[in-house]
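Report on one structure; see the data block that follows.
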Amino acid sequence: MPYALGIDVGGTFTDAVASDGAGRIVSAKTPTTPPHREVGVMRAIEELAAGLGIGVGEMLARTDYIAHGTTASINALVQGSVAAVGLIATKGHRDSIYIMNAEGRTLGRSAHEIQDTLRQRKPAPLIPKYRALEVTERIDHAGRVLVPLDEDEVRRVAGTLVEQGVEAIAVCLLWSFKNGDHERRVRELIHEIAPDLYVTLSCEVSPRIREFSRTSTTIMNAQIGPRLRTYLTPLQRQLEDGGLKGPLLVMQSEGGTITADRAPDHAITTVGSVLSGGVIGAQRLAEQLGHRNVITTDVGGTTFLAGLIVDGEPVMAPGSVVNQFPINAATIRVHTIGSGGGALASVDAGGNLRLGPQSAEAVPGPACYAGGGTRPTNTDANLVLGILSERGLLGGRKPLRRDLAREAIREHVAEPLGLTVEEAAIAIHEVQNAQAGDLLRRAVVQAGYDPRDFVAYAFGGAGPAHCAGYCQDLGVAEVVVPLGPVASAFSAYGLAASDVALSAELSDPSAFPVAHTVLESHFDRLEADLQRALDRQKVKFHDVTLQREIDLRYSMQVNELAVTLPDTELTERTGDEIVERFEEQYERINGSGAGFREAGVQAITYRMRARAGLGFPVVLPDVPEADDTDPSPALLEERQVCHDSQIGFVSTPVYDYARLRAGHELVGPAIVDVPTTVVVVPAGVTGRVDRLGNLVLRYQ
C-alpha cells in the first residue's frame, strides 16, 4: 500500500500526516527543533511509522511523495538571517530599491499606521549600497536592444561582488521582463568567475512590470535561496538514505508543490508555504462536506491565520509584502497576526493589556512548558482557566505546570493591572478572541463578502480552543472543527492532499480589450512555459488543469485586480466579457457604482496557472456511528473551567475525542480533549459530531 506524507514545520510544533489513499490516515505532532529543524521532521516521520505499525524504512520505501511546508523562508526574511547578496542593475537604476517607488513608508502597514505620518519610516535597505552595482546596457519597453551589454564591465562588477564575499547575486535589468537575454548572459559571465555561486534573474523569478517590486522580489529570492538549499539538500539526502523512493516536494505560497531540487531556484514562492497548507486542507474537506464558501482560521503557536475559499476555490493574491518590501509571487491570500497559543501577554506603558505579536516559540516556550520561559502566553492563560489540563499535550508527553503559568501571569499582567491571576487569565483569553474576531471581519468584509454566507473552519493547536469565541459575532452559520484522524495536524493534511501547482506570467501593459489573437499569443506562450516547467518536476501527476488570468485596472489607477478568464475558446467577444467580469469584481469590493468605464481599462500582466493531481486522492474517512446522541460514553472527567468573565468557574464535562462517534451531540459548556489540542464548547453553543469525526458548532 503506497503512502502520501504531509509535514508542516511550524514555529512551535512540527505536524505530520500519512495517508494510504484507502481511508487510513495517521497523524503525529513533535516539537520543532530550531535551528536543526530536520531533526524534528525525522522524529515526526518516526511517529508516523509507529502509528502505522511499520518501520521507518518500510514506510519511506512505500511513500509516493512527501509534501513539506516550512517556515524557513519567511522566518529568514522576517528575522534578517539571510544570505549576503549583491545586486547587478542597469546603469543609473540601482537606486530604485532605495527610493522604493515612494511606497517605502506605507507598504504593508495598517490604515492606522499609515495615518500616523510622524512615525512612518522606511525599512532598513535589503542590501547595502556598496553591494548594489551597475552595468552598461539598455533594452526598451518593446524588448529591443538599444545599448549592448558591456561584458567586460560585467566581469569587473561580478569580480568585485565575489571579492566582497557575497553568497548570491541578484540580477535585475531594465525591461528584462520583455527581453531577458542580457540577464541570462550576465549569469553566464558570473559563472565563468564563480561557477557554484547562486545567481537569480528577475526575468525568471518575476517577469512583471514595475522595477522596484521586481528588484525587491529578485533580491529576496537570492537572500533565501542558498539557505533553503542548505536545508533541503541534506534533508532530501537523509530521506533517500532512509529508503524514500518518491520525491520530496515543497509547498508554495499559491497552494501547490514544487520538487525540492527546484524549490531553491524559486525560493520566494515558498515564503507562504505553511500558511497555504491549512487553506488547501480546508478546500479538500469542504469538497467532502459540500461547503462552497469557507473562512479558514488557523491558530498555531505563533500566529493566527485567516483565509477564504469562495465557490470552492481559495482566494488568491498576485503578491504579498514582507518587512515593507513587495514580493511578486502569486499566493493564497492569507491574513495574519502574531496572536497564537504562544503569543506573549504584556502591559504597555499606558496600562493596556497587549497580546503578541512576539511569541515564546518552541524555545523557550510558554512558562507552563517549564523550558525556561518566564513570560505569560495565551497557553498559560488557558491552563489557569482550566481549559487545558495539567496532563498536558502530545498525549501527556508534554505535561504543563500550572504553578509556573500562574507566577508568570501574576508578575507580568495581574499585579501591573491590579487583577487577580484568574481575572488576568480571562482577560488574556478574551483579548485573543477579540483580536482574532477583528481580523476575520476585515478579511471577509474588505474582500467584499458577507460572513453570513460562509462556514468557518477552525484548526491549529489553539484554534479549537478559541473558535467559538472569535466566531461568535461574525454571523457564520456554523463552525467546523476538523478532528477525526488529523486533529491539530490539519495543515499537514492539507500538504499531503495538495497538488503540483505552477504559474507563469508576462507583463504587456496596454489598453484593454485587446484583439483575441493577442490573447491567444500571450496564453500560448505561457502554456508552453508551464509545460516545460511541469516536465522539469520529474513527478508523476495526472489531470492537469489550466487557468488564465489578467491583471486589470482603470486607467491612471495604481492597483490591479486579477480577473479569471472564462474557461472557453477565445473569441472576438472574450475581451468584452473580461471587462464585464472586472467591473463586477471591482464594484463588489469597492461598492455599487464605484466603477468608471469612461476612464478606460488597462491590462498589465497576463498569468496562467497549472495544477496537476499527485498520486491518489487523500480524503478523510468516515468514523463509526453512535447508537444515539448521548455523548456520555466518551466522558473523561469533569473539571472547573472558566469560560466567561461574568460567570467564573463552572463544573464542565470533558470528553475524549477518540471515543466520540458520528451523531453524538454536546451541549455547552463542554470541552473535548484531544492529545494535541482542546475544543471549547461554551454555554449557548451546541456541538455535533459529523460523519468524518469533525465537531460542528452551532450558536443557539
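Here's how to read the names in the C-alpha cells: chain A, B, ... by the order shown, residue numbers from 1 in each chain, ligand numbers from 1 in the order shown.
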Those in range 521-678 of chain A with strand (DSSP E) from DSSP, as a PyMOL selection string = chain A and resi 541-554+561-564+601-614+635-644+648-656+665-667+670-674+677-678
Quick one: everything within 8 Å of Thr259 in chain A, counting only C-alpha atoms, minus sequence neighbours fewer than 3 positions away in the same chain. Send it as a CSV table (one decimal) with all heavy atoms, in the first residue's frame.
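Written output follows (out_27.csv):
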chain,number,residue,atom,x,y,z
A,247,PRO,N,9.5,11.6,-4.5
A,247,PRO,CA,10.2,12.9,-4.4
A,247,PRO,C,9.8,13.6,-3.1
A,247,PRO,O,8.7,13.3,-2.5
A,247,PRO,CB,9.6,13.6,-5.6
A,247,PRO,CG,8.2,13.0,-5.8
A,247,PRO,CD,8.4,11.6,-5.4
A,248,LEU,N,10.7,14.5,-2.6
A,248,LEU,CA,10.4,15.4,-1.6
A,248,LEU,C,9.9,16.7,-2.3
A,248,LEU,O,10.6,17.3,-3.1
A,248,LEU,CB,11.6,15.7,-0.8
A,248,LEU,CG,11.5,16.8,0.3
A,248,LEU,CD1,10.5,16.5,1.4
A,248,LEU,CD2,12.9,17.2,0.9
A,249,LEU,N,8.7,17.1,-1.9
A,249,LEU,CA,8.0,18.3,-2.6
A,249,LEU,C,7.9,19.4,-1.5
A,249,LEU,O,7.8,19.1,-0.3
A,249,LEU,CB,6.6,17.9,-3.1
A,249,LEU,CG,6.5,16.7,-4.0
A,249,LEU,CD1,5.1,16.4,-4.3
A,249,LEU,CD2,7.3,17.0,-5.3
A,250,VAL,N,7.9,20.6,-2.0
A,250,VAL,CA,7.9,21.8,-1.1
A,250,VAL,C,6.6,22.6,-1.5
A,250,VAL,O,6.4,22.9,-2.7
A,250,VAL,CB,9.1,22.6,-1.2
A,250,VAL,CG1,9.0,23.9,-0.3
A,250,VAL,CG2,10.4,21.8,-0.8
A,262,ARG,N,14.1,21.9,-7.2
A,262,ARG,CA,13.8,23.1,-7.9
A,262,ARG,C,13.4,24.2,-7.0
A,262,ARG,O,13.5,25.4,-7.4
A,262,ARG,CB,12.6,22.8,-8.9
A,262,ARG,CG,12.8,21.8,-9.9
A,262,ARG,CD,13.8,22.1,-10.9
A,262,ARG,NE,13.5,23.4,-11.6
A,262,ARG,CZ,14.2,24.0,-12.5
A,262,ARG,NH1,15.4,23.5,-12.8
A,262,ARG,NH2,13.8,25.1,-13.1
A,263,ALA,N,13.0,23.9,-5.8
A,263,ALA,CA,12.5,24.9,-4.8
A,263,ALA,C,13.5,26.0,-4.5
A,263,ALA,O,13.1,27.2,-4.5
A,263,ALA,CB,12.0,24.3,-3.5
A,537,GLN,N,9.6,18.9,-13.3
A,537,GLN,CA,9.3,18.5,-12.0
A,537,GLN,C,9.7,17.0,-11.7
A,537,GLN,O,10.0,16.6,-10.6
A,537,GLN,CB,7.8,18.6,-11.7
A,537,GLN,CG,7.3,20.1,-11.7
A,537,GLN,CD,8.1,21.0,-10.8
A,537,GLN,OE1,8.1,20.7,-9.6
A,537,GLN,NE2,8.8,22.0,-11.3
A,538,LYS,N,9.8,16.2,-12.7
A,538,LYS,CA,10.1,14.8,-12.6
A,538,LYS,C,9.2,14.1,-11.5
A,538,LYS,O,9.7,13.3,-10.7
A,538,LYS,CB,11.6,14.7,-12.2
A,538,LYS,CG,12.6,15.3,-13.2
A,538,LYS,CD,14.0,15.2,-12.7
A,538,LYS,CE,15.0,15.8,-13.7
A,538,LYS,NZ,16.4,15.8,-13.3
A,539,VAL,N,8.0,14.4,-11.6
A,539,VAL,CA,7.0,13.8,-10.7
A,539,VAL,C,5.8,13.3,-11.5
A,539,VAL,O,5.4,13.9,-12.5
A,539,VAL,CB,6.4,14.9,-9.7
A,539,VAL,CG1,5.4,14.3,-8.8
A,539,VAL,CG2,7.6,15.6,-8.9
Min atom-atom distance to Asp20 in chain A from the set A:Val618, A:Ala489, A:Ala381, A:Ile224, counting only C-alpha atoms, belongs to A:Val618
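Shortest separation to Leu197 in chain A among A:Ala84, A:Glu254, A:His141, A:Arg609 occurs at residue A:Ala84, atoms counted being only C-alpha atoms.
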In range 232-343 of chain A, DSSP alpha helix (DSSP H) residues written as a ChimeraX atom specification | /A:232-241,273-289
Rows by chain and residue number, range 253-276 of chain A within 7 Å of range 495-514 of chain A, shortest pair, only C-alpha atoms, as a Markdown table:
| residue | atom | partner | partner_atom | distance |
| --- | --- | --- | --- | --- |
| A:Gly255 | CA | A:Ala501 | CA | 6.9 |
| A:Gly256 | CA | A:Ala501 | CA | 4.1 |
| A:Thr257 | CA | A:Val500 | CA | 4.6 |
| A:Ile258 | CA | A:Val500 | CA | 6.3 |
Name all residues at most 6 Å from Val479 in chain A (count only C-alpha atoms; drop same-chain ones fewer than 2 positions away) and give them as number ranges by chain.
-> A: 456-457, 696-697
Nearest to His93 in chain A, restricted to only C-alpha atoms and choosing among A:Thr420, A:Thr136, A:Asn221, A:Gln646, comes out as A:Thr136
Separation of CA of Glu577 in chain A from CA of Val310 in chain A, in Å and rounded to one decimal = 20.7 Å
